[in-house]
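J.: Hey, dropping protein04.cif in here, mmCIF, C-alpha atoms:
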data_target
loop_
_atom_site.label_atom_id
_atom_site.label_comp_id
_atom_site.auth_asym_id
_atom_site.auth_seq_id
_atom_site.Cartn_x
_atom_site.Cartn_y
_atom_site.Cartn_z
CA MET A 18 -45.72 -53.58 5.35
CA LYS A 19 -45.16 -55.43 2.09
CA ARG A 20 -42.74 -52.73 1.00
CA LEU A 21 -40.80 -52.94 4.29
CA ILE A 22 -39.93 -56.65 3.95
CA PRO A 23 -37.92 -56.31 0.68
CA PHE A 24 -36.17 -53.26 2.10
CA LEU A 25 -35.11 -55.24 5.23
CA LEU A 26 -33.89 -58.16 3.11
CA LEU A 27 -31.84 -55.80 0.94
CA SER A 28 -30.34 -54.11 4.00
CA LEU A 29 -29.35 -57.47 5.53
CA SER A 30 -27.62 -58.59 2.31
CA VAL A 31 -25.64 -55.31 2.07
CA PHE A 32 -24.66 -55.56 5.74
CA SER A 33 -23.46 -59.16 5.36
CA PHE A 34 -21.44 -58.24 2.23
CA ALA A 35 -19.80 -55.30 4.03
CA GLN A 36 -18.91 -57.55 6.97
CA GLU A 37 -17.39 -60.09 4.58
CA GLU A 38 -15.31 -57.36 2.91
CA ASN A 39 -14.07 -56.05 6.28
CA GLU A 40 -12.93 -59.55 7.30
CA THR A 41 -11.08 -59.97 4.00
CA SER A 42 -9.30 -56.62 4.36
CA ARG A 43 -8.53 -57.42 8.00
CA ASN A 44 -6.93 -60.75 7.01
CA PHE A 45 -5.03 -59.63 3.93
CA GLY A 46 -4.91 -55.85 3.55
CA THR A 47 -3.27 -54.62 6.72
CA ASP A 48 -0.63 -57.26 7.34
CA SER A 49 2.28 -56.99 4.90
CA THR A 50 3.68 -60.40 5.78
CA THR A 51 0.37 -62.05 4.96
CA VAL A 52 0.26 -60.25 1.60
CA ALA A 53 3.82 -61.34 0.86
CA GLU A 54 2.83 -64.93 1.61
CA ILE A 55 -0.20 -64.72 -0.64
CA VAL A 56 1.63 -63.03 -3.57
CA PRO A 57 4.95 -64.83 -4.10
CA VAL A 58 7.80 -62.64 -5.37
CA ASP A 59 10.20 -63.97 -7.95
CA PRO A 60 13.74 -63.80 -6.45
CA LYS A 61 15.14 -62.79 -9.87
CA PHE A 62 12.88 -59.74 -9.96
CA LYS A 63 14.71 -56.65 -8.66
CA LEU A 64 12.72 -53.55 -7.80
CA ASP A 65 15.81 -51.38 -7.63
CA THR A 66 19.17 -51.88 -9.30
CA ILE A 67 20.90 -48.95 -7.57
CA ASP A 68 22.58 -49.30 -4.21
CA TYR A 69 21.96 -45.88 -2.69
CA LEU A 70 24.07 -46.63 0.37
CA THR A 71 27.28 -46.82 -1.67
CA ALA A 72 26.33 -44.36 -4.44
CA LYS A 73 28.77 -41.54 -5.17
CA ASN A 74 27.98 -37.87 -5.72
CA PRO A 75 28.78 -36.93 -9.38
CA MET A 76 29.07 -33.23 -8.54
CA ARG A 77 31.61 -33.93 -5.82
CA ALA A 78 33.61 -36.27 -8.08
CA SER A 79 33.69 -33.63 -10.83
CA LEU A 80 34.78 -30.95 -8.36
CA TYR A 81 37.58 -33.13 -7.00
CA SER A 82 38.86 -33.85 -10.52
CA ALA A 83 38.64 -30.18 -11.47
CA ILE A 84 40.65 -29.05 -8.44
CA LEU A 85 43.21 -31.86 -8.53
CA PRO A 86 43.08 -34.24 -11.54
CA GLY A 87 42.85 -37.86 -10.46
CA MET A 88 41.15 -37.12 -7.13
CA GLY A 89 37.71 -37.80 -8.62
CA GLN A 90 38.89 -41.23 -9.72
CA LEU A 91 40.21 -41.92 -6.22
CA TYR A 92 36.88 -40.77 -4.77
CA ASN A 93 35.09 -43.25 -7.06
CA LYS A 94 37.51 -46.00 -5.92
CA LYS A 95 38.92 -46.39 -9.42
CA TRP A 96 42.50 -46.46 -8.13
CA TRP A 97 44.08 -47.60 -11.40
CA LYS A 98 42.76 -44.57 -13.32
CA ALA A 99 44.47 -41.94 -11.16
CA PRO A 100 48.05 -42.79 -12.29
CA LEU A 101 46.86 -42.75 -15.91
CA VAL A 102 45.41 -39.27 -15.45
CA TRP A 103 48.58 -38.04 -13.79
CA GLY A 104 50.75 -39.60 -16.50
CA VAL A 105 48.77 -38.14 -19.40
CA LEU A 106 48.52 -34.66 -17.91
CA GLY A 107 52.13 -34.70 -16.73
CA THR A 108 53.31 -35.71 -20.20
CA GLY A 109 51.20 -32.95 -21.73
CA VAL A 110 52.64 -30.33 -19.38
CA GLY A 111 56.15 -31.61 -20.14
CA PHE A 112 55.61 -31.18 -23.89
CA ILE A 113 54.19 -27.70 -23.33
CA VAL A 114 57.23 -26.59 -21.31
CA HIS A 115 59.71 -28.21 -23.74
CA TYR A 116 58.28 -26.67 -26.91
CA ASN A 117 57.66 -23.33 -25.24
CA ASN A 118 61.35 -23.15 -24.27
CA GLN A 119 62.36 -24.06 -27.82
CA TYR A 120 60.01 -21.44 -29.21
CA LYS A 121 61.55 -18.77 -26.97
CA GLU A 122 65.04 -19.90 -27.95
CA TYR A 123 64.39 -19.72 -31.69
CA ARG A 124 62.48 -16.48 -31.20
CA GLY A 125 65.68 -15.04 -29.70
CA TYR A 126 67.74 -16.43 -32.62
CA TYR A 127 65.30 -14.87 -35.08
CA LEU A 128 65.49 -11.43 -33.44
CA ASP A 129 69.31 -11.59 -33.28
CA LYS A 130 69.47 -12.58 -36.95
CA LEU A 131 66.98 -9.82 -37.83
CA TYR A 132 69.06 -7.10 -36.11
CA GLY A 133 72.41 -8.40 -37.40
CA VAL A 134 73.73 -9.80 -34.11
CA PRO A 135 76.14 -12.70 -34.85
CA LEU A 136 74.94 -16.08 -33.53
CA GLU A 137 77.22 -18.39 -31.54
CA ASN A 138 75.92 -21.50 -33.27
CA PRO A 139 77.60 -21.72 -36.71
CA THR A 140 74.76 -23.82 -38.14
CA LEU A 141 72.19 -21.20 -37.21
CA GLN A 142 74.53 -18.45 -38.41
CA GLN A 143 74.52 -19.98 -41.90
CA MET A 144 70.71 -20.40 -41.96
CA SER A 145 68.55 -17.74 -43.54
CA LEU A 146 66.15 -15.56 -41.58
CA GLU A 147 63.21 -17.30 -43.22
CA ASN A 148 64.38 -20.78 -42.12
CA ILE A 149 64.79 -19.66 -38.51
CA ALA A 150 61.31 -18.08 -38.66
CA ASN A 151 59.87 -21.38 -39.95
CA ILE A 152 61.50 -23.32 -37.08
CA GLN A 153 60.17 -20.76 -34.60
CA ASP A 154 56.63 -21.07 -36.01
CA ASP A 155 56.84 -24.87 -35.96
CA ARG A 156 57.80 -24.89 -32.26
CA LYS A 157 54.99 -22.46 -31.47
CA ARG A 158 52.44 -24.57 -33.37
CA THR A 159 53.56 -27.75 -31.64
CA ARG A 160 53.33 -26.02 -28.25
CA ASP A 161 49.77 -24.89 -29.04
CA TYR A 162 48.80 -28.43 -30.04
CA ALA A 163 50.20 -29.72 -26.75
CA ILE A 164 48.19 -27.11 -24.83
CA ALA A 165 44.98 -28.11 -26.65
CA LEU A 166 45.50 -31.85 -26.10
CA THR A 167 46.37 -31.35 -22.44
CA ALA A 168 43.24 -29.24 -21.94
CA LEU A 169 41.18 -31.96 -23.63
CA ALA A 170 42.69 -34.60 -21.34
CA TYR A 171 41.87 -32.41 -18.33
CA ILE A 172 38.22 -32.10 -19.43
CA LEU A 173 37.98 -35.84 -20.11
CA ASN A 174 39.34 -36.46 -16.61
CA ILE A 175 36.41 -34.47 -15.16
CA VAL A 176 33.85 -36.18 -17.42
CA ASP A 177 35.21 -39.62 -16.55
CA ALA A 178 34.94 -38.92 -12.83
CA SER A 179 31.34 -37.70 -13.23
CA VAL A 180 30.26 -40.70 -15.32
CA ASP A 181 31.92 -43.16 -12.93
CA ALA A 182 30.11 -41.54 -10.02
CA HIS A 183 26.78 -41.82 -11.84
CA LEU A 184 27.35 -45.52 -12.55
CA PHE A 185 29.03 -46.42 -9.26
CA GLY A 186 25.96 -47.77 -7.43
CA ILE A 187 24.51 -49.68 -10.35
CA LYS A 188 24.93 -53.40 -9.86
CA LYS A 189 26.27 -55.64 -12.59
CA ASP A 190 23.58 -57.50 -14.49
CA PRO A 191 24.56 -61.20 -14.61
CA ASP A 192 22.37 -61.73 -17.67
CA LEU A 193 24.31 -59.18 -19.71
CA SER A 194 27.98 -59.75 -20.52
CA PHE A 195 30.44 -57.91 -22.74
CA GLN A 196 33.68 -59.73 -23.34
CA PRO A 197 36.37 -60.27 -26.00
CA THR A 198 35.82 -63.13 -28.41
CA VAL A 199 37.51 -64.77 -31.40
CA ILE A 200 35.72 -64.27 -34.73
CA GLU A 201 36.30 -66.52 -37.73
CA ASN A 202 36.01 -65.19 -41.28
CA ASN A 203 33.70 -67.52 -43.26
CA TYR A 204 35.53 -66.90 -46.55
CA THR A 205 39.22 -66.86 -45.63
CA LEU A 206 38.94 -68.86 -42.34
CA ASP A 207 41.18 -66.26 -40.70
CA LEU A 208 40.75 -65.57 -36.99
CA ALA A 209 40.33 -62.07 -35.63
CA LEU A 210 39.81 -60.64 -32.16
CA GLY A 211 36.52 -58.87 -31.52
CA MET A 212 34.00 -58.00 -28.83
CA GLY A 213 30.93 -60.11 -28.09
CA VAL A 214 27.73 -59.15 -26.30
CA ASN A 215 25.67 -61.91 -24.65
CA TYR A 216 22.18 -61.37 -23.29
CA LYS A 217 20.15 -64.06 -21.52
CA PHE A 218 16.37 -63.86 -21.67
#
Output the file's structure in the form of structure tokens.
T.:
Amino acid sequence: MKRLIPFLLLSLSVFSFAQEENETSRNFGTDSTTVAEIVPVDPKFKLDTIDYLTAKNPMRASLYSAILPGMGQLYNKKWWKAPLVWGVLGTGVGFIVHYNNQYKEYRGYYLDKLYGVPLENPTLQQMSLENIANIQDDRKRTRDYAIALTALAYILNIVDASVDAHLFGIKKDPDLSFQPTVIENNYTLDLALGMGVNYKF
């Protein structure tokens, strides 16, 4: 009997503690609004900085720019970039066509001069075969450079569309700013234009 009394007292204390814990979890654990009232959330604290509702698909933007340059920029709503892409690629294609035509023209002059066919242009008629060959090689080299630069611009157009799509949904951080600023030289007191980065803690 003496052993039963401490056992009953211990059981009652455990039961009362369990009941207290159930009441606490019933008041605070199941109701999200009550938890939000108990734990205040700082309005400056952002759990997510990406707006998934307006996010763009990088694969789709890259595909659009690969099929038709500038379409990826339009898909990302960067309207001002599309005319730049068209202008750069159009200029590159223009240079390719121009220097390719000149290369073919001087290639024809070189072959005519090689086989002894008289040229209609008196200036070219007086030039040596080596000089005409040098002009032909120069036009070919310039055409190849234009092809390489135009291909590079085409690849950059795809990369730009993909990067813009990746960064499209990210909101601007008001505490971080990147803007032009005037810098003064401490020795000569001359002013120069530079870029400044400001970060607020």
J.: Counting only C-alpha atoms, write as a PyMOL selection string all protein and nucleic acid residues lying at most 12 Å from (41.9, -58.2, -32.2) in the file's frame.
T.: chain A and resi 197-201+207-213
J.: So the first atom is atom CA of Ala99 of chain A and the second is atom CA of Asn174 of chain A; what is the distance between them in Å, to one decimal place?
T.: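 For atom CA of Ala99 of chain A relative to atom CA of Asn174 of chain A, the distance reads 9.3 Å.
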J.: In Å, with one decimal, what is the gap from atom CA of Ser79 of chain A to atom CA of Ala182 of chain A?
T.: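 Atom-to-atom, atom CA of Ser79 of chain A and atom CA of Ala182 of chain A are spaced 8.7 Å apart.
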J.: Check what the PyMOL selection byres ((chain A and resi 153-159) around 12) selects in the file above and give those residues as a ChimeraX atom specification.
T.: /A:109,112-128,146-152,160-166
J.: Grab the atom CA of Ala72 of chain A to atom CA of His183 of chain A distance for me, in Å with one decimal place.
T.: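 About the pair atom CA of Ala72 of chain A and atom CA of His183 of chain A: they are 7.8 Å apart.
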J.: For Ser179 of chain A, list every protein, DNA or RNA residue within 10 Å, evaluated using all atoms listed in the file, and leave out those in the same chain fewer than 3 positions away; present the list as an NGL selection string.
T.: :A and (73-82 or 89-90 or 93 or 173-176 or 182-185)
J.: With distances taken over all atoms listed in the file, which of A:Ser145, A:Asn138, A:Asn202, A:Thr167 is nearest to Val102 of chain A?
T.: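 Among the listed residues, the smallest separation from Val102 of chain A belongs to A:Thr167.
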J.: Box for segment 125-136 of chain A: with edges along x, y and z, all listed atoms inside and 6 Å added on each side, what are the centre and edge lengths in Å to one decimal, as lines of an AutoDock Vina configuration file?
T.:
center_x = 70.7
center_y = -11.8
center_z = -33.8
size_x = 22.8
size_y = 21.3
size_z = 20.1
J.: Output segment 73-84 of chain A as a compact mmCIF listing (two decimals), in the coordinates of the input, making sure all heavy atoms are there.
T.:
# COMPACT_ATOMS: atom_id res chain seq x y z
N LYS A 73 27.87 -42.68 -5.25
CA LYS A 73 28.77 -41.54 -5.17
C LYS A 73 28.09 -40.30 -5.74
O LYS A 73 27.21 -40.39 -6.60
CB LYS A 73 30.07 -41.83 -5.94
CG LYS A 73 30.86 -43.00 -5.39
CD LYS A 73 31.39 -42.73 -4.01
CE LYS A 73 32.25 -43.87 -3.52
NZ LYS A 73 32.78 -43.63 -2.18
N ASN A 74 28.54 -39.14 -5.28
CA ASN A 74 27.98 -37.87 -5.72
C ASN A 74 28.74 -37.41 -6.97
O ASN A 74 29.93 -37.09 -6.89
CB ASN A 74 28.11 -36.84 -4.61
CG ASN A 74 27.39 -35.55 -4.94
OD1 ASN A 74 27.05 -35.29 -6.08
ND2 ASN A 74 27.17 -34.74 -3.93
N PRO A 75 28.08 -37.34 -8.15
CA PRO A 75 28.78 -36.93 -9.38
C PRO A 75 29.33 -35.51 -9.30
O PRO A 75 30.41 -35.23 -9.84
CB PRO A 75 27.70 -37.06 -10.46
CG PRO A 75 26.68 -37.98 -9.90
CD PRO A 75 26.70 -37.77 -8.42
N MET A 76 28.60 -34.60 -8.64
CA MET A 76 29.07 -33.23 -8.54
C MET A 76 30.36 -33.16 -7.73
O MET A 76 31.30 -32.44 -8.08
CB MET A 76 27.99 -32.37 -7.88
CG MET A 76 28.33 -30.89 -7.85
SD MET A 76 28.38 -30.15 -9.47
CE MET A 76 26.64 -30.19 -9.90
N ARG A 77 30.41 -33.93 -6.65
CA ARG A 77 31.61 -33.93 -5.82
C ARG A 77 32.79 -34.55 -6.57
O ARG A 77 33.92 -34.05 -6.50
CB ARG A 77 31.33 -34.71 -4.53
CG ARG A 77 32.49 -34.71 -3.56
CD ARG A 77 32.12 -35.40 -2.27
NE ARG A 77 31.07 -34.67 -1.57
CZ ARG A 77 30.52 -35.07 -0.42
NH1 ARG A 77 30.90 -36.20 0.13
NH2 ARG A 77 29.60 -34.33 0.15
N ALA A 78 32.54 -35.64 -7.31
CA ALA A 78 33.61 -36.27 -8.08
C ALA A 78 34.15 -35.32 -9.14
O ALA A 78 35.37 -35.23 -9.35
CB ALA A 78 33.09 -37.56 -8.73
N SER A 79 33.25 -34.59 -9.81
CA SER A 79 33.69 -33.63 -10.83
C SER A 79 34.50 -32.50 -10.20
O SER A 79 35.51 -32.06 -10.77
CB SER A 79 32.48 -33.05 -11.56
OG SER A 79 31.72 -34.07 -12.15
N LEU A 80 34.06 -32.03 -9.04
CA LEU A 80 34.78 -30.95 -8.36
C LEU A 80 36.16 -31.39 -7.94
O LEU A 80 37.15 -30.65 -8.11
CB LEU A 80 33.96 -30.48 -7.16
CG LEU A 80 34.50 -29.27 -6.40
CD1 LEU A 80 34.53 -28.05 -7.30
CD2 LEU A 80 33.66 -28.99 -5.16
N TYR A 81 36.27 -32.61 -7.40
CA TYR A 81 37.58 -33.13 -7.00
C TYR A 81 38.52 -33.21 -8.20
O TYR A 81 39.70 -32.83 -8.11
CB TYR A 81 37.43 -34.51 -6.37
CG TYR A 81 36.85 -34.51 -4.98
CD1 TYR A 81 36.37 -35.68 -4.40
CD2 TYR A 81 36.77 -33.34 -4.23
CE1 TYR A 81 35.84 -35.68 -3.12
CE2 TYR A 81 36.24 -33.33 -2.97
CZ TYR A 81 35.77 -34.50 -2.40
OH TYR A 81 35.24 -34.50 -1.14
N SER A 82 38.01 -33.71 -9.34
CA SER A 82 38.86 -33.85 -10.52
C SER A 82 39.22 -32.50 -11.12
O SER A 82 40.27 -32.36 -11.75
CB SER A 82 38.16 -34.71 -11.57
OG SER A 82 38.19 -36.06 -11.21
N ALA A 83 38.33 -31.50 -10.95
CA ALA A 83 38.64 -30.18 -11.47
C ALA A 83 39.71 -29.49 -10.64
O ALA A 83 40.60 -28.82 -11.18
CB ALA A 83 37.37 -29.32 -11.51
N ILE A 84 39.65 -29.67 -9.32
CA ILE A 84 40.65 -29.05 -8.44
C ILE A 84 42.00 -29.75 -8.56
O ILE A 84 43.03 -29.12 -8.75
CB ILE A 84 40.16 -29.05 -6.99
CG1 ILE A 84 38.91 -28.16 -6.85
CG2 ILE A 84 41.24 -28.58 -6.04
CD1 ILE A 84 38.26 -28.22 -5.49
